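Visitor: So I've got this file, query.csv, and it contains CSV, C-alpha atoms:
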chain,number,residue,atom,x,y,z
A,447,MET,CA,-3.4,26.1,-23.3
A,448,ARG,CA,-4.5,27.1,-19.8
A,449,ILE,CA,-1.9,27.8,-17.0
A,450,GLY,CA,-3.0,27.6,-13.4
A,451,ILE,CA,-1.0,28.9,-10.4
A,452,ASP,CA,-1.8,27.8,-6.8
A,453,LEU,CA,-0.2,30.4,-4.5
A,454,GLY,CA,0.2,28.8,-1.1
A,455,GLY,CA,1.9,29.8,2.1
A,456,THR,CA,4.7,27.2,1.7
A,457,LYS,CA,4.7,26.4,-2.0
A,458,ILE,CA,3.7,27.7,-5.4
A,459,GLU,CA,2.4,25.1,-7.8
A,460,ALA,CA,1.9,25.7,-11.5
A,461,ILE,CA,0.2,23.5,-14.1
A,462,ALA,CA,-0.5,23.6,-17.8
A,463,LEU,CA,-3.7,22.0,-19.1
A,464,ASP,CA,-4.8,21.4,-22.7
A,465,SER,CA,-8.3,22.3,-23.9
A,466,THR,CA,-9.8,19.0,-22.5
A,467,GLY,CA,-8.1,19.3,-19.0
A,468,ASN,CA,-5.2,16.9,-19.6
A,469,GLU,CA,-2.0,17.9,-17.8
A,470,LEU,CA,0.8,19.0,-20.1
A,471,ALA,CA,3.4,20.1,-17.5
A,472,ARG,CA,3.7,20.9,-13.8
A,473,LYS,CA,6.2,22.8,-11.7
A,474,ARG,CA,6.5,23.4,-7.9
A,475,ILE,CA,8.7,25.8,-5.9
A,476,PRO,CA,8.9,27.0,-2.3
A,477,SER,CA,6.9,30.2,-1.7
A,478,PRO,CA,8.9,33.4,-1.4
A,479,ARG,CA,8.2,35.4,1.7
A,480,SER,CA,8.1,38.9,0.0
A,481,TYR,CA,5.8,40.6,-2.5
A,482,ASP,CA,8.3,41.4,-5.2
A,483,ALA,CA,9.8,37.9,-5.1
A,484,THR,CA,6.3,36.4,-5.4
A,485,ILE,CA,5.6,38.3,-8.6
A,486,ALA,CA,9.0,37.3,-10.0
A,487,ALA,CA,8.5,33.6,-9.1
A,488,ILE,CA,5.1,33.5,-10.8
A,489,ARG,CA,6.6,35.2,-13.9
A,490,ASP,CA,9.4,32.6,-14.0
A,491,LEU,CA,7.0,29.6,-13.5
A,492,VAL,CA,4.8,30.8,-16.4
A,493,ALA,CA,7.9,31.2,-18.6
A,494,ALA,CA,9.1,27.7,-17.7
A,495,LEU,CA,5.8,26.0,-18.5
A,496,GLU,CA,5.6,27.8,-21.8
A,497,ALA,CA,9.2,26.9,-22.7
A,498,GLU,CA,8.5,23.2,-21.9
A,499,THR,CA,5.2,23.0,-23.9
A,500,GLY,CA,6.1,25.4,-26.7
A,501,GLU,CA,2.8,27.2,-26.3
A,502,GLN,CA,1.6,30.4,-24.7
A,503,GLY,CA,-1.3,30.0,-22.2
A,504,THR,CA,-3.9,32.0,-20.4
A,505,VAL,CA,-3.0,32.5,-16.7
A,506,GLY,CA,-5.3,32.0,-13.7
A,507,ILE,CA,-4.2,32.4,-10.1
A,508,GLY,CA,-5.6,30.8,-7.0
A,509,MET,CA,-4.5,32.9,-4.0
A,510,PRO,CA,-5.1,33.3,-0.3
A,511,GLY,CA,-7.6,36.1,0.5
A,512,ALA,CA,-9.2,38.1,-2.2
A,513,VAL,CA,-8.9,41.3,-4.2
A,514,SER,CA,-11.1,44.1,-2.9
A,515,PRO,CA,-13.6,45.3,-5.5
A,516,ALA,CA,-13.4,48.7,-3.9
A,517,THR,CA,-9.6,49.2,-4.1
A,518,GLY,CA,-8.1,46.5,-6.3
A,519,LEU,CA,-5.8,45.6,-3.4
A,520,VAL,CA,-5.4,42.3,-1.7
A,521,LYS,CA,-7.3,41.7,1.6
A,522,ASN,CA,-7.8,38.9,4.1
A,523,ALA,CA,-4.7,36.9,2.9
A,524,ASN,CA,-2.8,34.8,5.4
A,525,SER,CA,0.2,35.3,3.1
A,526,THR,CA,0.4,38.8,4.7
A,527,TRP,CA,3.1,40.1,2.3
A,528,LEU,CA,0.4,40.3,-0.3
A,529,ILE,CA,-2.0,42.5,1.7
A,530,GLY,CA,-2.5,46.0,0.4
A,531,HIS,CA,-0.8,45.4,-3.0
A,532,PRO,CA,-2.4,45.6,-6.5
A,533,PHE,CA,-1.5,42.0,-7.1
A,534,GLY,CA,-3.5,41.5,-10.2
A,535,ARG,CA,-2.2,44.7,-11.9
A,536,ASP,CA,1.4,43.9,-11.0
A,537,LEU,CA,1.1,40.4,-12.3
A,538,GLU,CA,-0.4,41.6,-15.6
A,539,ALA,CA,2.5,44.0,-16.0
A,540,ALA,CA,5.0,41.3,-15.3
A,541,LEU,CA,3.4,38.8,-17.7
A,542,GLY,CA,2.3,41.1,-20.4
A,543,ARG,CA,-1.3,39.7,-20.5
A,544,GLU,CA,-4.6,39.6,-18.7
A,545,VAL,CA,-4.6,37.5,-15.5
A,546,ARG,CA,-7.6,36.1,-13.6
A,547,LEU,CA,-7.5,35.7,-9.9
A,548,ALA,CA,-9.7,33.9,-7.4
A,549,ASN,CA,-9.6,32.7,-3.8
A,550,ASP,CA,-8.0,29.3,-3.4
A,551,ALA,CA,-11.2,27.8,-2.0
A,552,ASP,CA,-13.0,29.1,-5.1
A,553,CYS,CA,-10.5,27.4,-7.3
A,554,PHE,CA,-11.0,24.1,-5.4
A,555,ALA,CA,-14.8,24.4,-6.0
A,556,LEU,CA,-14.4,25.3,-9.6
A,557,SER,CA,-12.1,22.4,-10.2
A,558,GLU,CA,-14.4,19.8,-8.6
A,559,ALA,CA,-17.4,21.3,-10.4
A,560,THR,CA,-15.7,21.3,-13.8
A,561,ASP,CA,-14.2,17.8,-14.1
A,562,GLY,CA,-14.1,16.6,-10.5
A,563,ALA,CA,-16.4,14.9,-8.0
A,564,ALA,CA,-19.3,17.2,-8.8
A,565,ALA,CA,-18.9,17.4,-12.5
A,566,GLY,CA,-22.3,18.1,-14.1
A,567,ALA,CA,-24.0,19.4,-10.9
A,568,LYS,CA,-25.9,22.7,-11.5
A,569,THR,CA,-24.8,24.2,-8.2
A,570,VAL,CA,-21.7,23.1,-6.2
A,571,PHE,CA,-20.5,24.3,-2.8
A,572,GLY,CA,-16.8,23.4,-2.4
A,573,VAL,CA,-15.5,23.2,1.2
A,574,ILE,CA,-11.9,23.5,2.4
A,575,LEU,CA,-11.4,21.8,5.8
A,576,GLY,CA,-7.7,22.4,6.5
A,577,THR,CA,-5.6,24.7,8.6
A,578,GLY,CA,-8.5,27.1,8.0
A,579,VAL,CA,-12.1,26.7,6.7
A,580,GLY,CA,-13.1,28.2,3.3
A,581,GLY,CA,-15.6,27.6,0.6
A,582,GLY,CA,-16.6,28.5,-2.9
A,583,LEU,CA,-19.8,28.4,-4.9
A,584,VAL,CA,-20.1,27.4,-8.6
A,585,VAL,CA,-23.4,27.9,-10.4
A,586,ASN,CA,-23.8,26.5,-13.9
A,587,GLY,CA,-20.1,26.0,-14.2
A,588,ALA,CA,-19.2,29.6,-13.2
A,589,LEU,CA,-17.9,30.9,-9.9
A,590,LEU,CA,-20.2,33.2,-7.9
A,591,SER,CA,-18.1,36.0,-6.7
A,592,GLY,CA,-20.4,38.7,-5.3
A,593,PRO,CA,-19.9,42.5,-4.8
A,594,ASN,CA,-17.7,42.0,-1.7
A,595,ALA,CA,-15.6,39.1,-3.1
A,596,ILE,CA,-16.5,36.9,-0.1
A,597,ALA,CA,-19.0,34.4,-1.5
A,598,GLY,CA,-18.5,31.1,0.2
A,599,GLU,CA,-16.7,32.5,3.3
A,600,TRP,CA,-18.9,30.4,5.6
A,601,GLY,CA,-16.0,29.7,8.0
A,602,HIS,CA,-16.4,33.1,9.6
A,603,ASN,CA,-20.0,32.7,10.5
A,604,SER,CA,-20.8,31.5,14.0
A,605,LEU,CA,-21.3,27.8,14.6
A,606,PRO,CA,-25.1,27.4,14.3
A,607,PHE,CA,-27.4,25.6,16.7
A,608,VAL,CA,-24.8,26.2,19.4
A,609,LEU,CA,-24.9,24.2,22.6
A,610,ALA,CA,-24.5,25.7,26.1
A,611,ASP,CA,-21.0,24.2,26.6
A,612,GLU,CA,-19.9,25.6,23.2
A,613,MET,CA,-20.5,29.2,24.2
A,614,PRO,CA,-19.0,31.7,23.6
A,615,GLY,CA,-16.6,29.6,21.6
A,616,PRO,CA,-12.9,29.7,20.9
A,617,ASP,CA,-11.2,32.9,19.8
A,618,CYS,CA,-10.8,33.3,16.1
A,619,TYR,CA,-8.0,35.3,14.4
A,620,CYS,CA,-10.7,37.5,12.7
A,621,GLY,CA,-11.5,38.9,16.1
A,622,LYS,CA,-14.7,37.1,16.8
A,623,LYS,CA,-15.4,34.0,19.0
A,624,GLY,CA,-17.0,30.7,18.0
A,625,CYS,CA,-16.5,30.9,14.2
A,626,ILE,CA,-17.1,27.7,12.3
A,627,GLU,CA,-13.4,27.7,11.5
A,628,THR,CA,-12.4,27.5,15.1
A,629,TRP,CA,-14.4,24.2,15.4
A,630,VAL,CA,-14.1,22.3,12.2
A,631,SER,CA,-10.6,23.2,10.9
A,632,GLY,CA,-7.8,20.7,11.6
A,633,PRO,CA,-6.4,22.9,14.5
A,634,GLY,CA,-9.9,23.4,15.8
A,635,PHE,CA,-10.5,19.6,15.9
A,636,ALA,CA,-7.2,19.1,17.8
A,637,ALA,CA,-8.0,21.9,20.2
A,638,ASP,CA,-11.3,20.4,21.0
A,639,TYR,CA,-9.7,17.1,21.8
A,640,MET,CA,-7.1,18.8,24.0
A,641,ARG,CA,-9.7,20.7,25.9
A,642,ASP,CA,-11.5,17.4,26.7
A,643,THR,CA,-8.4,15.2,27.4
A,644,ARG,CA,-5.5,17.6,28.2
A,645,GLU,CA,-3.6,15.7,25.6
A,646,ALA,CA,-2.0,17.3,22.5
A,647,LEU,CA,-2.5,15.1,19.4
A,648,SER,CA,-2.5,15.9,15.7
A,649,PRO,CA,-5.8,15.5,13.9
A,650,GLU,CA,-4.4,12.4,12.1
A,651,ALA,CA,-3.5,10.8,15.5
A,652,ILE,CA,-6.9,11.5,16.9
A,653,VAL,CA,-8.6,9.9,14.0
A,654,ALA,CA,-6.3,6.8,14.2
A,655,ALA,CA,-7.1,6.5,17.9
A,656,ALA,CA,-10.8,6.7,17.2
A,657,GLU,CA,-10.5,4.0,14.6
A,658,ALA,CA,-8.6,1.9,17.2
A,659,GLY,CA,-11.5,2.3,19.6
A,660,ASN,CA,-10.2,5.0,21.9
A,661,ARG,CA,-13.3,6.4,23.6
A,662,PRO,CA,-12.2,10.1,24.0
A,663,ALA,CA,-11.0,10.2,20.4
A,664,ARG,CA,-14.3,8.6,19.2
A,665,LEU,CA,-16.3,11.2,21.2
A,666,ALA,CA,-14.1,14.0,19.7
A,667,LEU,CA,-14.8,12.7,16.2
A,668,ARG,CA,-18.5,12.4,16.9
A,669,ARG,CA,-18.6,16.1,18.1
A,670,TYR,CA,-16.7,17.1,15.0
A,671,ALA,CA,-19.2,15.3,12.7
A,672,ASP,CA,-22.1,16.9,14.5
A,673,ARG,CA,-20.6,20.4,14.3
A,674,LEU,CA,-19.8,20.0,10.6
A,675,ALA,CA,-23.4,18.7,10.0
A,676,ARG,CA,-24.8,21.8,11.8
A,677,ALA,CA,-22.6,24.2,9.8
A,678,LEU,CA,-23.4,22.6,6.5
A,679,ALA,CA,-27.1,22.5,7.3
A,680,HIS,CA,-27.1,26.3,7.3
A,681,VAL,CA,-25.4,26.2,3.8
A,682,ILE,CA,-28.1,23.8,2.6
A,683,ASP,CA,-30.9,26.0,4.0
A,684,ILE,CA,-29.5,29.1,2.2
A,685,LEU,CA,-28.2,27.7,-1.0
A,686,ASP,CA,-29.7,24.2,-1.4
A,687,PRO,CA,-26.7,23.2,-3.6
A,688,HIS,CA,-26.9,20.1,-5.9
A,689,ALA,CA,-23.7,18.9,-4.4
A,690,ILE,CA,-21.2,19.6,-1.6
A,691,VAL,CA,-17.6,18.6,-2.1
A,692,LEU,CA,-15.1,18.4,0.7
A,693,GLY,CA,-11.4,19.2,0.4
A,694,GLY,CA,-8.5,19.9,2.7
A,695,GLY,CA,-6.8,17.5,5.2
A,696,MET,CA,-10.0,16.9,7.3
A,697,SER,CA,-11.8,15.7,4.2
A,698,ASN,CA,-9.8,12.5,4.2
A,699,ILE,CA,-11.7,11.2,7.2
A,700,ALA,CA,-13.8,8.5,5.6
A,701,ALA,CA,-16.3,8.4,8.3
A,702,LEU,CA,-17.5,11.9,7.6
A,703,TYR,CA,-19.3,10.9,4.4
A,704,ASP,CA,-21.7,8.8,6.3
A,705,GLU,CA,-21.7,10.5,9.7
A,706,VAL,CA,-22.4,14.1,8.5
A,707,PRO,CA,-25.4,13.3,6.2
A,708,SER,CA,-26.9,11.1,8.8
A,709,ARG,CA,-26.9,14.1,11.2
A,710,TRP,CA,-27.7,17.1,9.1
A,711,GLY,CA,-31.3,16.1,8.5
A,712,ALA,CA,-32.0,17.1,12.1
A,713,TYR,CA,-31.0,20.7,11.3
A,714,VAL,CA,-32.0,21.3,7.7
A,715,PHE,CA,-35.4,22.9,7.2
A,716,SER,CA,-36.8,20.1,5.0
A,717,ASP,CA,-38.5,16.8,5.4
A,718,THR,CA,-35.8,15.1,3.3
A,719,VAL,CA,-32.2,16.1,2.4
A,720,ALA,CA,-31.1,14.7,-1.0
A,721,THR,CA,-27.8,16.7,-1.1
A,722,PRO,CA,-24.8,14.4,-1.7
A,723,LEU,CA,-21.7,15.0,0.3
A,724,LEU,CA,-18.7,14.1,-1.9
A,725,ARG,CA,-15.0,13.6,-1.4
A,726,HIS,CA,-12.8,15.5,-3.8
A,727,LYS,CA,-11.5,13.8,-7.0
A,728,HIS,CA,-8.4,15.8,-7.7
A,729,GLY,CA,-7.1,16.1,-4.1
A,730,ASP,CA,-4.2,18.6,-3.6
A,731,ALA,CA,-4.3,19.3,-7.4
A,732,SER,CA,-7.8,20.8,-7.3
A,733,GLY,CA,-6.6,24.3,-6.4
A,734,VAL,CA,-4.1,24.6,-9.3
A,735,ARG,CA,-6.5,22.9,-11.7
A,736,GLY,CA,-9.3,25.3,-10.7
A,737,ALA,CA,-7.0,28.3,-11.3
A,738,ALA,CA,-6.4,27.1,-14.8
A,739,TRP,CA,-10.2,26.7,-15.3
A,740,LEU,CA,-10.7,30.4,-14.5
A,741,TRP,CA,-10.5,30.6,-18.3
A,742,PRO,CA,-13.3,28.2,-19.3
A,743,GLU,CA,-13.8,29.6,-22.7
A,744,ASN,CA,-10.3,28.6,-24.1
Go ahead and express the file in the form of structure tokens.

Guide:
Amino acid sequence: MRIGIDLGGTKIEAIALDSTGNELARKRIPSPRSYDATIAAIRDLVAALEAETGEQGTVGIGMPGAVSPATGLVKNANSTWLIGHPFGRDLEAALGREVRLANDADCFALSEATDGAAAGAKTVFGVILGTGVGGGLVVNGALLSGPNAIAGEWGHNSLPFVLADEMPGPDCYCGKKGCIETWVSGPGFAADYMRDTREALSPEAIVAAAEAGNRPARLALRRYADRLARALAHVIDILDPHAIVLGGGMSNIAALYDEVPSRWGAYVFSDTVATPLLRHKHGDASGVRGAAWLWPEN
């Protein structure tokens, strides 16, 4: 049995899968806001799943941020109470077994590459378009991590093929300006619409207005699709993945799956672009399923 834990800022979700990926049990609790309470919550979730199924499982954790290869401590996590702690070591002590950890976007990519929208593809770039922008790369069924534990962090590169009116770009929490995340995240999309119209709307409301024929909303959605096409064109130029899968709230905009591929050919260094742009299969469950699949050999 595989157990996956998706550690989010507002909730922790846990799942138990059998050897073929069928769901055996699932639990969800609000996320504690302290480090020690987070360790205890994960310990108790694992115990609850094992009591319900009558089996012991391997444990994989999808987490915000990453564990620094240099120090073994958490870095870059928006759940700031994790930062600077030896999260993996403390979890292993609490659970009495080895634990595997990966970034939550990596877990999304692994899930969709294993038995999701991109199952069978040799190389898969999984994209999270939500409150932030993240990504993960799966090659021949295995996550690519890299020596800095940042593979797939395309959201903190600058928007490519930048236009004059896009410079220097919005401020990003990372300290730079014009990061891809500031343009194609959900908040980035809403901020772009507000700069143009002086009207504050949620991403969902902007999309609904665009579908109803509202011109400023349609223009905002067109700008969004073009920026996403430019950003993914750079990924294609560097990685040339066999599939790109979108997840996160913005991935539910149906128009993107035609609009973005129709635009990225102008930016990709190739005479043709055969890369499919796919919508997630497992939706909000991809992160927790991917965490369980961190143990593919079971």

Visitor: So, counting all atoms listed in the file, which residue among A:Pro616, A:Gly467, A:Gly733, A:Gly506 is closest to Asp550 of chain A?

Guide: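 Of the candidates, the smallest distance to Asp550 of chain A is held by A:Gly733.
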
Visitor: To one decimal in Å, tell me the separation between atom CA of Val608 of chain A and atom CA of Leu724 of chain A.

Guide: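 According to the coordinates, atom CA of Val608 of chain A and atom CA of Leu724 of chain A are separated by 25.2 Å.
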
Visitor: Of the candidates A:Gly634, A:Gly500, A:Pro478, A:Gly624, which one gets nearest to Thr526 of chain A if we count all atoms listed in the file?

Guide: A:Pro478

Visitor: Using only C-alpha atoms, pick whichever of A:Val706, A:Val719, A:Val691, A:Leu463 has the shortest atom-to-atom distance to Gly562 of chain A.

Guide: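 Answer, going by the shortest atom-to-atom distance: A:Val691.
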
Visitor: Report, in Å with one decimal, the straight-line distance from atom CA of Val570 of chain A to atom CA of Val585 of chain A.

Guide: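 Interatomic distance here is 6.6 Å.
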
Visitor: Name all residues at most 6 Å from Ser477 of chain A (count all atoms listed in the file; drop same-chain ones fewer than 4 positions away) and give them as a list of chain:residue names.

Guide: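 Selected residues are A:Thr456, A:Lys457, A:Ile458.
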
Visitor: Using only C-alpha atoms, please write the residues we just selected to a file, as a PDB file, in the frame of the given file.

Guide:
ATOM      1  CA  THR A 456       4.700  27.200   1.700  1.00  0.00           C
ATOM      2  CA  LYS A 457       4.700  26.400  -2.000  1.00  0.00           C
ATOM      3  CA  ILE A 458       3.700  27.700  -5.400  1.00  0.00           C
TER       4      ILE A 458
END

Visitor: Do a neighbour search on segment 672-681 of chain A at 9 Å with only C-alpha atoms, toss out local chain neighbours closer than 2 positions, and write the hits as an MDAnalysis selection string.

Guide: chainID A and resid 571 600:601 603:608 626 629:630 667:670 683:687 690 702 705:715

Visitor: Which residue is closest to Ala548 of chain A? Choose from A:Leu609, A:Ala636, A:Ala512, A:Ala671 and count all atoms listed in the file.

Guide: A:Ala512

Visitor: Interatomic distance between atom CA of Leu583 of chain A and atom CA of Glu558 of chain A?

Guide: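 Distance between the two atoms: 10.8 Å.
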
Visitor: Go through A:Ala595, A:Ala540, A:Ala567, A:Val492 one by one, measure the shortest atom-to-atom distance of each to Thr517 of chain A using only C-alpha atoms, and give the residue with the smallest value.

Guide: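 So, comparing all the options, the nearest one is A:Ala595.
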
Visitor: May I ask which of the residues A:Arg725, A:Arg735, A:His602, A:Arg489 is the closest one to Lys623 of chain A, counting only C-alpha atoms?

Guide: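 Among the listed residues, A:His602 lies closest to Lys623 of chain A.
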
Visitor: Excluding segment 727-732 of chain A and its own-chain neighbours fewer than 2 positions away, which residues fall within 12 Å of it when counting all atoms listed in the file? Please give them as a PDB file with C-alpha atoms, in the coordinates of the input.

Guide:
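This went into around35.pdb:
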ATOM      1  CA  GLY A 450      -3.000  27.600 -13.400  1.00  0.00           C
ATOM      2  CA  ILE A 451      -1.000  28.900 -10.400  1.00  0.00           C
ATOM      3  CA  ASP A 452      -1.800  27.800  -6.800  1.00  0.00           C
ATOM      4  CA  GLY A 454       0.200  28.800  -1.100  1.00  0.00           C
ATOM      5  CA  LYS A 457       4.700  26.400  -2.000  1.00  0.00           C
ATOM      6  CA  ILE A 458       3.700  27.700  -5.400  1.00  0.00           C
ATOM      7  CA  GLU A 459       2.400  25.100  -7.800  1.00  0.00           C
ATOM      8  CA  ALA A 460       1.900  25.700 -11.500  1.00  0.00           C
ATOM      9  CA  ILE A 461       0.200  23.500 -14.100  1.00  0.00           C
ATOM     10  CA  ALA A 462      -0.500  23.600 -17.800  1.00  0.00           C
ATOM     11  CA  GLY A 467      -8.100  19.300 -19.000  1.00  0.00           C
ATOM     12  CA  GLU A 469      -2.000  17.900 -17.800  1.00  0.00           C
ATOM     13  CA  ARG A 472       3.700  20.900 -13.800  1.00  0.00           C
ATOM     14  CA  LYS A 473       6.200  22.800 -11.700  1.00  0.00           C
ATOM     15  CA  ARG A 474       6.500  23.400  -7.900  1.00  0.00           C
ATOM     16  CA  GLY A 508      -5.600  30.800  -7.000  1.00  0.00           C
ATOM     17  CA  ASP A 550      -8.000  29.300  -3.400  1.00  0.00           C
ATOM     18  CA  ALA A 551     -11.200  27.800  -2.000  1.00  0.00           C
ATOM     19  CA  ASP A 552     -13.000  29.100  -5.100  1.00  0.00           C
ATOM     20  CA  CYS A 553     -10.500  27.400  -7.300  1.00  0.00           C
ATOM     21  CA  PHE A 554     -11.000  24.100  -5.400  1.00  0.00           C
ATOM     22  CA  ALA A 555     -14.800  24.400  -6.000  1.00  0.00           C
ATOM     23  CA  LEU A 556     -14.400  25.300  -9.600  1.00  0.00           C
ATOM     24  CA  SER A 557     -12.100  22.400 -10.200  1.00  0.00           C
ATOM     25  CA  GLU A 558     -14.400  19.800  -8.600  1.00  0.00           C
ATOM     26  CA  ALA A 559     -17.400  21.300 -10.400  1.00  0.00           C
ATOM     27  CA  THR A 560     -15.700  21.300 -13.800  1.00  0.00           C
ATOM     28  CA  ASP A 561     -14.200  17.800 -14.100  1.00  0.00           C
ATOM     29  CA  GLY A 562     -14.100  16.600 -10.500  1.00  0.00           C
ATOM     30  CA  ALA A 563     -16.400  14.900  -8.000  1.00  0.00           C
ATOM     31  CA  ALA A 564     -19.300  17.200  -8.800  1.00  0.00           C
ATOM     32  CA  ALA A 565     -18.900  17.400 -12.500  1.00  0.00           C
ATOM     33  CA  GLY A 572     -16.800  23.400  -2.400  1.00  0.00           C
ATOM     34  CA  VAL A 573     -15.500  23.200   1.200  1.00  0.00           C
ATOM     35  CA  ILE A 574     -11.900  23.500   2.400  1.00  0.00           C
ATOM     36  CA  GLY A 576      -7.700  22.400   6.500  1.00  0.00           C
ATOM     37  CA  VAL A 691     -17.600  18.600  -2.100  1.00  0.00           C
ATOM     38  CA  LEU A 692     -15.100  18.400   0.700  1.00  0.00           C
ATOM     39  CA  GLY A 693     -11.400  19.200   0.400  1.00  0.00           C
ATOM     40  CA  GLY A 694      -8.500  19.900   2.700  1.00  0.00           C
ATOM     41  CA  GLY A 695      -6.800  17.500   5.200  1.00  0.00           C
ATOM     42  CA  MET A 696     -10.000  16.900   7.300  1.00  0.00           C
ATOM     43  CA  SER A 697     -11.800  15.700   4.200  1.00  0.00           C
ATOM     44  CA  ASN A 698      -9.800  12.500   4.200  1.00  0.00           C
ATOM     45  CA  LEU A 724     -18.700  14.100  -1.900  1.00  0.00           C
ATOM     46  CA  ARG A 725     -15.000  13.600  -1.400  1.00  0.00           C
ATOM     47  CA  VAL A 734      -4.100  24.600  -9.300  1.00  0.00           C
ATOM     48  CA  ARG A 735      -6.500  22.900 -11.700  1.00  0.00           C
ATOM     49  CA  GLY A 736      -9.300  25.300 -10.700  1.00  0.00           C
ATOM     50  CA  ALA A 737      -7.000  28.300 -11.300  1.00  0.00           C
ATOM     51  CA  ALA A 738      -6.400  27.100 -14.800  1.00  0.00           C
ATOM     52  CA  TRP A 739     -10.200  26.700 -15.300  1.00  0.00           C
TER      53      TRP A 739
END

Visitor: List as a ChimeraX atom specification: which residues have an atom within 9 Å of (-14.2, 3.4, 10.0), counting only C-alpha atoms?

Guide: /A:656-657,699-701

Visitor: Near Glu743 of chain A, counting all atoms listed in the file, which residues have an atom at most 12 Å away, once you skip same-chain residues fewer than 3 positions from it, shown as a ChimeraX atom specification?

Guide: /A:447-448,465-466,504,587-588,738-740

Visitor: Give me the residues near Ala597 of chain A as a PyMOL selection string, where near means some atom within 8 Å (using only C-alpha atoms) and where sequence neighbours in that chain fewer than 6 positions away do not count.

Guide: chain A and resi 581-583+590-591

Visitor: At a cut-off of 12 Å from (2.5, 43.2, -4.5) in the coordinates of the file, what residues are picked up using only C-alpha atoms, written as a short mmCIF file (atom, residue, chain, number, x, y, z; two decimals) with C-alpha atoms, in the coordinates of the input?

Guide:
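Result file follows (point_16.cif):
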data_model
loop_
_atom_site.label_atom_id
_atom_site.label_comp_id
_atom_site.auth_asym_id
_atom_site.auth_seq_id
_atom_site.Cartn_x
_atom_site.Cartn_y
_atom_site.Cartn_z
CA ARG A 479 8.20 35.40 1.70
CA SER A 480 8.10 38.90 0.00
CA TYR A 481 5.80 40.60 -2.50
CA ASP A 482 8.30 41.40 -5.20
CA ALA A 483 9.80 37.90 -5.10
CA THR A 484 6.30 36.40 -5.40
CA ILE A 485 5.60 38.30 -8.60
CA ALA A 486 9.00 37.30 -10.00
CA ILE A 488 5.10 33.50 -10.80
CA VAL A 513 -8.90 41.30 -4.20
CA GLY A 518 -8.10 46.50 -6.30
CA LEU A 519 -5.80 45.60 -3.40
CA VAL A 520 -5.40 42.30 -1.70
CA LYS A 521 -7.30 41.70 1.60
CA SER A 525 0.20 35.30 3.10
CA THR A 526 0.40 38.80 4.70
CA TRP A 527 3.10 40.10 2.30
CA LEU A 528 0.40 40.30 -0.30
CA ILE A 529 -2.00 42.50 1.70
CA GLY A 530 -2.50 46.00 0.40
CA HIS A 531 -0.80 45.40 -3.00
CA PRO A 532 -2.40 45.60 -6.50
CA PHE A 533 -1.50 42.00 -7.10
CA GLY A 534 -3.50 41.50 -10.20
CA ARG A 535 -2.20 44.70 -11.90
CA ASP A 536 1.40 43.90 -11.00
CA LEU A 537 1.10 40.40 -12.30
CA GLU A 538 -0.40 41.60 -15.60
CA ALA A 539 2.50 44.00 -16.00
CA ALA A 540 5.00 41.30 -15.30
#
